[in-house]
Amino acid sequence: MHVNMKHQHEYRAIWSRYGDRLPSVDIFVCTADPHSEPPSLVMATVLSLMAYNYPPEKLNVYLSDDGGSILTFYALWETSAFAKHWLPFCRRYNIEPRSPAAYFAGSDKPDDPRTLEEWSFVKDLYEGMTERIDSAVRSAKVPEEMKVNHKGFSEWNTGGTSKDHQPVVQILIDGKDKGALDSEGNVLPTLVYMAREKRPQYHHNFKAGAMNALIRVSSVISKSPIIMNVDCDMYSNNSDSITEALCFFLDEEMGHKIAFVQYPQNYNNMTKNNIYGNSLNAINQVELAGLDTWGGPLYIGTGCFHRRETLCGRSFNKDYKEDWDQGIKTQQPIDQTEEKAKSLATCTYENNTQWGSEIGLKYGCPVEDVITGLAIHCRGWKSVYNNPPRAAFVGVAPTTISQTILQQKRWSEGNLSIFLSKYCPFVFGHGKIRLPHQMGYCIYGLWAPNSLPTLYYVLIPSLGLLKGTPLFPEIMSPWITPFIYVSVVKNIYSLYEALTSGDTLRGWWNGQRMWLVKRITSYLYAVIDNIRKLLGLSKMGFVVSPKVGNEDESKRYEQEIMEFGTSSPEYVIIATIALLNLVCLVGGLGQILTSGQNMLWNGLLLQVVLCGLLVTINIPIYEAMFLRKDKGRIPFSVTLASVGFVMMALFVPIF
């Protein structure tokens with residue numbers, strides 16, 4: 001459901017219509033590692049969320065730090081001070097975006113002298129703050145003189161590690177405190193730091209566990225009826241996003257049916273031709289929008305506004321009516337509130353409770369967001385997809401092929417594990433959600449199994465070509481029609497979908513290459529890992545995707561040069577298949593030319609076309625193996641291994 005003209009007018013009038021009855025909003029941001037997710041990047045996200053066009057006394061921003069790092073706490077303390085200048089600056093000039101990192105990187109100096117003076121002052125403050133934060137991260141130490149500025153630093157006096165530490169809850173800005181004001185005397189949003197307890201003997205359930213701890217901790221600090229969560233690298237790009245989402249929740253006809261409003265994931269670092277196929281344009285503009293017709297989009301884990309009650313397990317009832325005025329109006333002394341909140345973030349709190357099963361985000365799956373959204377839909381609720389002209393949230397896409405493979409493996413592994421579990425949409429959703437909605441969920445669950453037919457088609461037809469063995473009907477046979485029809489129509493539609501979604505022709509071609517790469521690496525590994533888990537040979541894990549790269553990698557990314565650089569099994573697979581198809585094409589064509597055209601038309605034409613397309617699409621791989629000299633090339637050890645595997649494949653008696 002896209003924002004139509006009716007909603008464009010509504011969200012401008014919503015403040016005057018509801019006034020003090022506007023619901024308060026709790027905003028959750030999760031981070032886990034100050035080295036993979038630099039605190040200065042996370043703080044830019046936090047500042048953008050504090051600066052929404054929404055009554056600040058109704059905004060509560062929570063940062064969950066699963067690394068329990070004093071560096072992240074220090075960065076948030078610095079942010080709480082800078083916010084006193086940043087928020088008035090945003091309001092006065094109505095700037096977009098409200099991430100200071102994105103704003104100052106993309107804005108020119110103003111012409112007006114008075115504006116320029118303030119712009120320069122705020123910019124200097126921001127750069128000074130980020131330099132102090134980055135310096136602390138580099139030295140892995142907070143300056144001693146800084147620690148006396150807030151009592152929260154004493155939480156780290158007892159020591160601890162990222163996997164073994166006590167719970168920490170610190171209210172850095174108390175929005176209910178009349179003294180918590182910005183530089184112009186306006187109320188500031190509440191700002192809270194939380195690091196839930198971690199002990200080696202207790203499973204912490206990754207991001208789902210952090211989100212559930214945030215739900216509980218916020219229930220004694222603000223308890224807003226609306227909860228929004230966003231990844232730490234997805235800053236707010238549209239200061240009206242809260243008001244737009246509330247237009248759906250507050251709709252007098254349909255609002256009571258809506259459990260969550262999902263915004264798409266957008267990225268600000270995409271290359272012109274989408275070198276790694278990470279734009280998600282087709283998913284955002286076609287697939288999620290299409291699901292809106294059948295009950296709503298999936299919960300994708302970021303950029304989502306929830307009703308608190310649906311996250312806490314409430315089933316839909318047609319007589320349900322939300323109390324938007326709920327929330328904590330009076331605040332106990334901060335020390336008492338913090339101690340109470342800490343007790344809700346301990347390792348043992350969830351023992352013998354329904355947290356992780358019936359309450360909060362579900363445990364036991366790498367994509368806890370999808371399975372949680374499915375459970376909400378199966379309890380009778382609807383969701384809404386909102387994709388406004390100005391993107392609501394913008395983040396950082398993977399900038400190397402290794403990051404892309406890691407991200408896709410996590411997504412596909414999690415979605416396949418859902419499909420193979422009791423939460424399979426066809427089973428769990430039977431009789432609860434409509435069949436098209438079940439099928440919409442299963443699209444993603446079947447990503448990983450696509451690796452198996454893909455491997456067949458990139459190996460067997462090419463080997464058959466080399467050995468002169470036809471695998472398809474003769475070109476003049478009517479039985480060839482289905483093969484040609486499916487191939488042509490699928491690719492024409494794929495190209496149309498990509499171009500209408502904003503991709504370039506070359507971007508679509510890059511996407512086809514990455515379609516192949518993902519299926520022979522990420523999705524194949526996802527299938528193997530799921531089989532191992534079903535056999536009890538491995539357990540679920542979670543790897544934080546790095547959000548930064550080095551300068552050389554960034555330069556090659558901007559030039560749209562594929563980044564390899566290190567040795568890995570995934571690169572061996574990619575190089576082996578590329579090299580095998582090149583050998584098979586050269587060898588197969590050589591045999592055809594020496595034996596005459598009858599052999600070509602006798603059934604090998606489709607194999608020549610398929611093998612030729614695979615060779616063409618892998619040209620950047622050959623360049624990385626044999627021509628490039630930069631540090632991002634495929635290492636010689638990988639090339640050598642791929643040559644060995646190709647030689648083995650050529651001598652295997654398949655036919």
# chains A, B, ... in the order shown; residues from 1 in each chain; ligands from 1

$ residues_around --residues "Glu560 in chain A" --least-positions-apart "2" --cutoff "7 Å" --atoms "only C-alpha atoms" --output "compact mmCIF listing (two decimals) with N, CA, C and O atoms, in the first residue's frame"
# COMPACT_ATOMS: atom_id res chain seq x y z
N THR A 271 26.55 1.43 -6.83
CA THR A 271 27.20 1.91 -8.05
C THR A 271 26.15 2.04 -9.15
O THR A 271 25.04 1.50 -9.04
N ILE A 275 27.02 -3.39 -9.31
CA ILE A 275 28.01 -4.41 -9.61
C ILE A 275 27.75 -5.74 -8.89
O ILE A 275 27.99 -6.81 -9.45
N ARG A 556 37.96 0.50 -5.85
CA ARG A 556 37.60 -0.50 -6.87
C ARG A 556 36.09 -0.66 -6.96
O ARG A 556 35.54 -0.88 -8.05
N TYR A 557 35.41 -0.55 -5.81
CA TYR A 557 33.95 -0.65 -5.82
C TYR A 557 33.34 0.49 -6.64
O TYR A 557 32.44 0.26 -7.45
N GLU A 558 33.83 1.69 -6.43
CA GLU A 558 33.32 2.84 -7.18
C GLU A 558 33.60 2.70 -8.68
O GLU A 558 32.83 3.17 -9.51
N MET A 562 35.20 -5.99 -9.64
CA MET A 562 34.86 -7.00 -8.63
C MET A 562 36.03 -7.23 -7.68
O MET A 562 37.19 -7.31 -8.10

$ residues_around --residues "His306 in chain A" --least-positions-apart "5" --cutoff "8 Å" --atoms "only C-alpha atoms" --output "PyMOL selection string"
chain A and resi 226-228+259-261+311

$ write_last_selection --atoms "N, CA, C and O atoms" --output "PDB file, in the first residue's frame"
ATOM      1  N   ILE A 226       3.745   2.131  20.049  1.00  0.00           N
ATOM      2  CA  ILE A 226       4.364   1.868  18.754  1.00  0.00           C
ATOM      3  C   ILE A 226       5.865   1.650  18.964  1.00  0.00           C
ATOM      4  O   ILE A 226       6.527   2.417  19.652  1.00  0.00           O
ATOM      5  N   ILE A 227       6.381   0.579  18.349  1.00  0.00           N
ATOM      6  CA  ILE A 227       7.810   0.272  18.398  1.00  0.00           C
ATOM      7  C   ILE A 227       8.338   0.269  16.968  1.00  0.00           C
ATOM      8  O   ILE A 227       7.763  -0.367  16.085  1.00  0.00           O
ATOM      9  N   MET A 228       9.419   0.984  16.762  1.00  0.00           N
ATOM     10  CA  MET A 228      10.081   0.955  15.456  1.00  0.00           C
ATOM     11  C   MET A 228      11.491   0.422  15.650  1.00  0.00           C
ATOM     12  O   MET A 228      12.168   0.813  16.586  1.00  0.00           O
ATOM     13  N   ALA A 259      -0.875  -4.672  12.023  1.00  0.00           N
ATOM     14  CA  ALA A 259       0.097  -5.000  13.069  1.00  0.00           C
ATOM     15  C   ALA A 259       1.401  -4.242  12.872  1.00  0.00           C
ATOM     16  O   ALA A 259       2.009  -3.782  13.838  1.00  0.00           O
ATOM     17  N   PHE A 260       1.851  -4.134  11.620  1.00  0.00           N
ATOM     18  CA  PHE A 260       3.102  -3.418  11.375  1.00  0.00           C
ATOM     19  C   PHE A 260       3.107  -2.777   9.998  1.00  0.00           C
ATOM     20  O   PHE A 260       2.429  -3.227   9.078  1.00  0.00           O
ATOM     21  N   VAL A 261       3.860  -1.697   9.901  1.00  0.00           N
ATOM     22  CA  VAL A 261       4.069  -0.976   8.646  1.00  0.00           C
ATOM     23  C   VAL A 261       5.533  -1.144   8.270  1.00  0.00           C
ATOM     24  O   VAL A 261       6.419  -0.731   9.018  1.00  0.00           O
ATOM     25  N   LEU A 311       3.692  -7.546  18.998  1.00  0.00           N
ATOM     26  CA  LEU A 311       4.988  -8.161  19.289  1.00  0.00           C
ATOM     27  C   LEU A 311       4.937  -8.968  20.585  1.00  0.00           C
ATOM     28  O   LEU A 311       5.720  -9.892  20.780  1.00  0.00           O
TER      29      LEU A 311
END

$ residues_around --residues "range 16-25 of chain A" --least-positions-apart "2" --cutoff "10 Å" --atoms "only C-alpha atoms" --output "JSON, numbers by chain"
{"A": [10, 11, 12, 13, 14, 27, 28, 54, 55, 56, 57, 58, 59, 60, 61, 222, 223, 224, 225, 226, 227, 228, 242, 243, 246, 250, 305, 306, 307, 308, 323, 324, 325, 326, 327, 328]}

$ closest_atom_pairs --of "range 67-93 of chain A" --to "range 156-173 of chain A" --cutoff "7 Å" --atoms "only C-alpha atoms" --output "tab-separated table"
residue	atom	partner	partner_atom	distance
A:Gly67	CA	A:Ser162	CA	4.5
A:Gly68	CA	A:Ser162	CA	5.5
A:Ser69	CA	A:Ser162	CA	6.8
A:Ile70	CA	A:Trp156	CA	6.8
A:Trp77	CA	A:Leu172	CA	6.8
A:Ser80	CA	A:Leu172	CA	6.8

$ closest_residue --among "A:Gly277, A:Pro38, A:Gly373, A:Gly468" --to "Asn510 in chain A" --atoms "only C-alpha atoms"
A:Gly277

$ select_by_dssp --residues "range 134-282 of chain A" --states "strand (DSSP E)" --output "PyMOL selection string"
chain A and resi 168-173+190-195+226-231+235-236+258-262+266-267

$ atom_distance --atom1 "CA of Val137 in chain A" --atom2 "CA of Pro34 in chain A"
7.5 Å

$ closest_residue --among "A:Leu605, A:Leu614, A:Glu563, A:Val396" --to "Thr454 in chain A" --atoms "only C-alpha atoms"
A:Leu614

$ select_by_dssp --residues "range 540-624 of chain A" --states "alpha helix (DSSP H)" --output "VMD selection string"
chain A and resid 551 to 558 569 to 595 597 to 599 605 to 617 619 to 622

$ write_last_selection --atoms "C-alpha atoms" --output "CSV table (one decimal), in the first residue's frame"
chain,number,residue,atom,x,y,z
A,551,GLU,CA,40.3,2.6,0.8
A,552,ASP,CA,41.6,0.4,-2.0
A,553,GLU,CA,38.5,-1.7,-1.8
A,554,SER,CA,36.2,1.4,-1.9
A,555,LYS,CA,38.0,2.8,-4.9
A,556,ARG,CA,37.6,-0.5,-6.9
A,557,TYR,CA,34.0,-0.6,-5.8
A,558,GLU,CA,33.3,2.8,-7.2
A,569,PRO,CA,36.4,-21.9,-0.9
A,570,GLU,CA,33.6,-19.8,-2.4
A,571,TYR,CA,36.1,-18.2,-4.8
A,572,VAL,CA,37.4,-21.6,-5.8
A,573,ILE,CA,33.9,-22.7,-6.8
A,574,ILE,CA,33.3,-19.5,-8.8
A,575,ALA,CA,36.7,-19.8,-10.6
A,576,THR,CA,36.3,-23.5,-11.2
A,577,ILE,CA,32.9,-23.2,-12.9
A,578,ALA,CA,34.0,-20.2,-14.9
A,579,LEU,CA,37.1,-22.0,-16.1
A,580,LEU,CA,35.3,-25.3,-16.8
A,581,ASN,CA,32.8,-23.6,-19.1
A,582,LEU,CA,35.6,-21.8,-21.0
A,583,VAL,CA,37.4,-25.1,-21.6
A,584,CYS,CA,34.2,-26.9,-22.6
A,585,LEU,CA,33.2,-24.1,-25.0
A,586,VAL,CA,36.6,-24.0,-26.7
A,587,GLY,CA,36.8,-27.8,-26.8
A,588,GLY,CA,33.2,-28.3,-27.9
A,589,LEU,CA,33.4,-25.7,-30.7
A,590,GLY,CA,36.6,-27.3,-31.9
A,591,GLN,CA,35.0,-30.7,-32.2
A,592,ILE,CA,32.0,-29.2,-34.0
A,593,LEU,CA,34.1,-27.3,-36.5
A,594,THR,CA,36.2,-30.4,-37.3
A,595,SER,CA,33.2,-32.8,-37.6
A,597,GLN,CA,27.6,-28.7,-39.0
A,598,ASN,CA,25.3,-31.8,-38.7
A,599,MET,CA,26.6,-32.4,-35.2
A,605,LEU,CA,23.1,-25.8,-30.4
A,606,LEU,CA,21.4,-25.1,-27.0
A,607,GLN,CA,24.4,-26.4,-25.2
A,608,VAL,CA,26.7,-24.1,-27.2
A,609,VAL,CA,24.4,-21.1,-26.5
A,610,LEU,CA,24.2,-21.9,-22.7
A,611,CYS,CA,27.9,-22.5,-22.4
A,612,GLY,CA,28.7,-19.3,-24.4
A,613,LEU,CA,26.4,-17.3,-22.2
A,614,LEU,CA,28.1,-18.6,-19.1
A,615,VAL,CA,31.5,-17.8,-20.5
A,616,THR,CA,30.4,-14.2,-21.5
A,617,ILE,CA,28.9,-13.6,-18.1
A,619,ILE,CA,34.4,-12.4,-18.3
A,620,PRO,CA,35.1,-10.3,-15.1
A,621,ILE,CA,36.1,-13.6,-13.4
A,622,TYR,CA,38.6,-14.4,-16.1

$ closest_residue --among "A:Ala282, A:Asp182, A:Pro143, A:Ser36" --to "Ser494 in chain A" --atoms "only C-alpha atoms"
A:Ala282

$ closest_residue --among "A:Gly175, A:Gly106, A:Pro449, A:Gly429" --to "Ile334 in chain A" --atoms "only C-alpha atoms"
A:Gly175

$ residues_around --residues "Lys141 in chain A" --least-positions-apart "6" --cutoff "10 Å" --atoms "only C-alpha atoms" --output "NGL selection string"
:A and (70-71 or 74 or 135)

$ residues_around --residues "Ser64 in chain A" --least-positions-apart "6" --cutoff "9 Å" --atoms "only C-alpha atoms" --output "list in words"
Phe28, Val29, Cys30, Thr31, Ala32, Val192, Tyr193, Met194, Ala195, Arg196, Ala210, Met211, Ala213 and Leu214 of chain A

$ residues_around --residues "Trp86 in chain A" --least-positions-apart "4" --cutoff "12 Å" --atoms "only C-alpha atoms" --output "MDAnalysis selection string"
chainID A and resid 44 46:52 79:82 90:95 98:101 103:104 118:119 121:126 129 182:184 188

$ residues_around --residues "Arg314 in chain A" --least-positions-apart "4" --cutoff "9 Å" --atoms "only C-alpha atoms" --output "list in words"
Glu309, Thr310, Ile359, Ile376 and Arg379 of chain A
